[in-house]
Amino acid sequence: DTVTFGIRQVDTYITEEGHRGFKLNGRNLLLKSAGWTDDIFLRDTPESNEQQVKYVKDMNMNMIRFENFWGTSQNIYDLCDRYGLLLLVGWSCQWEWEAYYGAPCSEPYGCIATEEDIDMVARYFEDQVLWLRNHPSIMAWMPGSDMLPDPRLEKRYLDFLKT
């Protein structure tokens, strides 16, 4: 088997005005982005994905925020690699809201509270990172958007990413 991969470096800094700035391969980068979600009926094809990625490029964007999205294949990630788009890879937030989770939740950490739940979500995150880690388009993993991950879960995320 062969694996296509890429190398890039992303750095962050604080501007004179106190705002966060980003550098890509040593060059200042203004992030221009929009959100993206899976088609509700999962009807996307490699062809429709490519057309949509081209629309993003035509709008002069350089980043996509995948909302509640990991994709059903690596096709969309391959396209973003090929077209030079950066990705903020989102996370499904069903465990952040009581109506979706079917159990009591509390702010700021949502519904993941038991060791069993923490282990399940941490393993899910690890599987996804291993599956997608070779894509240079991925700038950051966003495993908590609506609420913060429980500190025990956040530690699992960070420990895994350091390995």
# chains A, B, ... in the order shown; residues from 1 in each chain; ligands from 1
>>> residues_around(residues="region 114-120 of chain A", least_positions_apart="2", cutoff="8 Å", atoms="only C-alpha atoms", output="PyMOL selection string")
chain A and resi 112+122-124+152-153
>>> select_by_dssp(residues="chain A", states="strand (DSSP E or B)", output="count of residues only")
31
>>> select_by_dssp(residues="region 31-90 of chain A", states="alpha helix (DSSP H)", output="PyMOL selection string")
chain A and resi 46-58+75-83
>>> closest_atom_pairs(of="region 43-87 of chain A", to="region 130-140 of chain A", cutoff="8 Å", atoms="only C-alpha atoms", output="tab-separated table")
residue	atom	partner	partner_atom	distance
A:Gln74	CA	A:Leu132	CA	7.5
A:Tyr77	CA	A:His135	CA	6.7
A:Asp78	CA	A:His135	CA	7.3
A:Cys80	CA	A:Ser137	CA	6.0
A:Asp81	CA	A:Ser137	CA	5.0
A:Gly84	CA	A:Ser137	CA	6.8
A:Leu85	CA	A:Ser137	CA	5.9
A:Leu86	CA	A:Ser137	CA	4.5
A:Leu87	CA	A:Ile138	CA	4.6
>>> write_last_selection(atoms="C-alpha atoms", output="PDB file, in the first residue's frame")
ATOM      1  CA  GLN A  74     -11.112  10.340   2.828  1.00  0.00           C
ATOM      2  CA  TYR A  77      -9.704  15.393   2.712  1.00  0.00           C
ATOM      3  CA  ASP A  78      -7.772  14.330  -0.398  1.00  0.00           C
ATOM      4  CA  CYS A  80      -8.616  19.720   0.297  1.00  0.00           C
ATOM      5  CA  ASP A  81      -4.999  18.518   0.245  1.00  0.00           C
ATOM      6  CA  GLY A  84      -4.559  23.690  -0.813  1.00  0.00           C
ATOM      7  CA  LEU A  85      -7.427  24.259   1.616  1.00  0.00           C
ATOM      8  CA  LEU A  86      -6.841  24.123   5.365  1.00  0.00           C
ATOM      9  CA  LEU A  87      -9.318  22.332   7.606  1.00  0.00           C
TER      10      LEU A  87
END
>>> atom_distance(atom1="CA of Asn25 (chain A)", atom2="CA of Arg8 (chain A)")
6.0 Å
>>> atom_distance(atom1="CA of Ala113 (chain A)", atom2="CA of Asp146 (chain A)")
15.9 Å
>>> closest_residue(among="A:Thr45, A:Gln51, A:Ser33, A:Asn62", to="Asn75 (chain A)", atoms="only C-alpha atoms")
A:Thr45
>>> closest_residue(among="A:Met142, A:Cys105, A:Ile14, A:Leu30", to="Glu67 (chain A)", atoms="only C-alpha atoms")
A:Met142
>>> residues_around(residues="Gly26 (chain A)", least_positions_apart="6", cutoff="12 Å", atoms="only C-alpha atoms", output="PDB file with N, CA and C atoms, in the first residue's frame")
ATOM      1  N   ARG A   8       3.540  20.361   6.503  1.00  0.00           N
ATOM      2  CA  ARG A   8       3.397  21.802   6.605  1.00  0.00           C
ATOM      3  C   ARG A   8       3.548  22.179   8.068  1.00  0.00           C
ATOM      4  N   GLN A   9       3.818  23.450   8.317  1.00  0.00           N
ATOM      5  CA  GLN A   9       3.982  23.926   9.686  1.00  0.00           C
ATOM      6  C   GLN A   9       3.020  25.082   9.909  1.00  0.00           C
ATOM      7  N   VAL A  10       2.251  24.995  10.985  1.00  0.00           N
ATOM      8  CA  VAL A  10       1.330  26.058  11.375  1.00  0.00           C
ATOM      9  C   VAL A  10       1.803  26.610  12.706  1.00  0.00           C
ATOM     10  N   ASP A  11       1.957  27.927  12.769  1.00  0.00           N
ATOM     11  CA  ASP A  11       2.344  28.607  14.005  1.00  0.00           C
ATOM     12  C   ASP A  11       1.298  29.655  14.336  1.00  0.00           C
ATOM     13  N   THR A  12       1.257  30.049  15.591  1.00  0.00           N
ATOM     14  CA  THR A  12       0.342  31.080  16.046  1.00  0.00           C
ATOM     15  C   THR A  12       1.122  32.137  16.808  1.00  0.00           C
ATOM     16  N   TYR A  13       0.611  33.340  16.800  1.00  0.00           N
ATOM     17  CA  TYR A  13       1.253  34.447  17.512  1.00  0.00           C
ATOM     18  C   TYR A  13       0.175  35.451  17.902  1.00  0.00           C
TER      19      TYR A  13
END
>>> atom_distance(atom1="CA of Asn60 (chain A)", atom2="CA of Gly90 (chain A)")
21.4 Å
>>> closest_residue(among="A:Cys111, A:Val129, A:Leu88, A:Leu29", to="Leu148 (chain A)", atoms="only C-alpha atoms")
A:Cys111
>>> decode(residues="region 42-158 of chain A", atoms="C-alpha atoms", output="tab-separated table (two decimals), in the first residue's frame")
chain	number	residue	atom	x	y	z
A	42	LEU	CA	-25.30	11.44	2.71
A	43	ARG	CA	-25.72	11.79	-1.07
A	44	ASP	CA	-22.35	13.40	-1.74
A	45	THR	CA	-20.15	11.72	-4.32
A	46	PRO	CA	-16.48	12.30	-5.16
A	47	GLU	CA	-17.68	14.43	-8.08
A	48	SER	CA	-20.05	16.59	-6.00
A	49	ASN	CA	-17.37	16.97	-3.31
A	50	GLU	CA	-14.88	18.21	-5.90
A	51	GLN	CA	-17.40	20.68	-7.31
A	52	GLN	CA	-18.08	22.05	-3.82
A	53	VAL	CA	-14.35	22.33	-3.03
A	54	LYS	CA	-13.92	24.26	-6.28
A	55	TYR	CA	-16.71	26.63	-5.15
A	56	VAL	CA	-14.78	27.24	-1.94
A	57	LYS	CA	-11.66	28.10	-3.96
A	58	ASP	CA	-13.69	30.31	-6.32
A	59	MET	CA	-14.93	32.26	-3.27
A	60	ASN	CA	-11.28	32.96	-2.42
A	61	MET	CA	-11.42	31.02	0.84
A	62	ASN	CA	-8.44	29.13	2.22
A	63	MET	CA	-10.08	27.14	5.01
A	64	ILE	CA	-13.16	25.06	5.77
A	65	ARG	CA	-14.58	24.35	9.23
A	66	PHE	CA	-16.14	20.89	9.14
A	67	GLU	CA	-19.17	21.11	11.41
A	68	ASN	CA	-20.30	17.82	12.97
A	69	PHE	CA	-18.31	16.18	10.23
A	70	TRP	CA	-15.71	13.49	9.88
A	71	GLY	CA	-16.80	12.33	6.46
A	72	THR	CA	-17.68	8.92	5.16
A	73	SER	CA	-14.45	8.58	3.18
A	74	GLN	CA	-11.11	10.34	2.83
A	75	ASN	CA	-12.16	11.81	-0.53
A	76	ILE	CA	-13.01	15.26	0.80
A	77	TYR	CA	-9.70	15.39	2.71
A	78	ASP	CA	-7.77	14.33	-0.40
A	79	LEU	CA	-9.48	17.12	-2.34
A	80	CYS	CA	-8.62	19.72	0.30
A	81	ASP	CA	-5.00	18.52	0.25
A	82	ARG	CA	-4.93	18.79	-3.55
A	83	TYR	CA	-6.56	22.23	-3.70
A	84	GLY	CA	-4.56	23.69	-0.81
A	85	LEU	CA	-7.43	24.26	1.62
A	86	LEU	CA	-6.84	24.12	5.36
A	87	LEU	CA	-9.32	22.33	7.61
A	88	LEU	CA	-10.63	22.78	11.12
A	89	VAL	CA	-12.03	19.31	11.63
A	90	GLY	CA	-15.18	19.52	13.73
A	91	TRP	CA	-16.76	17.06	16.03
A	92	SER	CA	-20.28	15.80	16.40
A	93	CYS	CA	-21.85	17.61	19.32
A	94	GLN	CA	-24.64	15.15	20.16
A	95	TRP	CA	-23.11	14.51	23.59
A	96	GLU	CA	-23.14	18.21	24.39
A	97	TRP	CA	-26.92	18.59	24.50
A	98	GLU	CA	-29.43	16.74	26.67
A	99	ALA	CA	-32.02	16.37	23.88
A	100	TYR	CA	-29.54	14.45	21.72
A	101	TYR	CA	-27.84	12.48	24.45
A	102	GLY	CA	-30.94	11.42	26.36
A	103	ALA	CA	-29.33	12.00	29.74
A	104	PRO	CA	-28.76	14.98	32.02
A	105	CYS	CA	-26.08	17.42	30.92
A	106	SER	CA	-24.38	20.28	32.68
A	107	GLU	CA	-22.46	23.31	31.50
A	108	PRO	CA	-19.72	23.84	30.68
A	109	TYR	CA	-18.92	20.16	29.96
A	110	GLY	CA	-22.05	18.67	28.42
A	111	CYS	CA	-23.14	15.08	29.02
A	112	ILE	CA	-19.89	13.11	29.06
A	113	ALA	CA	-19.36	12.48	32.74
A	114	THR	CA	-18.81	8.78	33.41
A	115	GLU	CA	-15.48	7.04	32.95
A	116	GLU	CA	-17.17	4.70	30.46
A	117	ASP	CA	-18.39	7.64	28.34
A	118	ILE	CA	-15.01	9.37	28.55
A	119	ASP	CA	-13.28	6.19	27.39
A	120	MET	CA	-15.71	5.73	24.48
A	121	VAL	CA	-15.36	9.32	23.22
A	122	ALA	CA	-11.57	9.31	23.67
A	123	ARG	CA	-11.27	6.10	21.64
A	124	TYR	CA	-13.54	7.57	18.96
A	125	PHE	CA	-11.28	10.63	18.74
A	126	GLU	CA	-8.14	8.46	18.59
A	127	ASP	CA	-9.61	6.36	15.75
A	128	GLN	CA	-10.47	9.45	13.73
A	129	VAL	CA	-7.07	11.08	14.23
A	130	LEU	CA	-5.29	7.87	13.18
A	131	TRP	CA	-7.56	7.60	10.15
A	132	LEU	CA	-6.93	11.17	8.96
A	133	ARG	CA	-3.53	12.14	10.37
A	134	ASN	CA	-1.60	12.13	7.07
A	135	HIS	CA	-3.61	14.99	5.57
A	136	PRO	CA	-1.63	18.25	5.55
A	137	SER	CA	-4.88	20.13	5.03
A	138	ILE	CA	-5.88	19.47	8.65
A	139	MET	CA	-4.79	22.51	10.64
A	140	ALA	CA	-6.56	21.65	13.89
A	141	TRP	CA	-8.89	19.14	15.51
A	142	MET	CA	-11.94	20.77	17.13
A	143	PRO	CA	-13.32	18.19	19.59
A	144	GLY	CA	-15.37	20.68	21.61
A	145	SER	CA	-17.34	23.39	19.89
A	146	ASP	CA	-20.57	23.97	21.76
A	147	MET	CA	-19.19	23.05	25.18
A	148	LEU	CA	-15.83	22.25	26.69
A	149	PRO	CA	-14.68	18.65	27.00
A	150	ASP	CA	-14.62	17.33	30.55
A	151	PRO	CA	-11.07	17.96	31.88
A	152	ARG	CA	-10.47	14.20	32.12
A	153	LEU	CA	-11.49	13.80	28.48
A	154	GLU	CA	-9.41	16.79	27.38
A	155	LYS	CA	-6.39	15.21	29.07
A	156	ARG	CA	-6.99	12.00	27.09
A	157	TYR	CA	-7.16	14.02	23.85
A	158	LEU	CA	-3.94	15.89	24.61
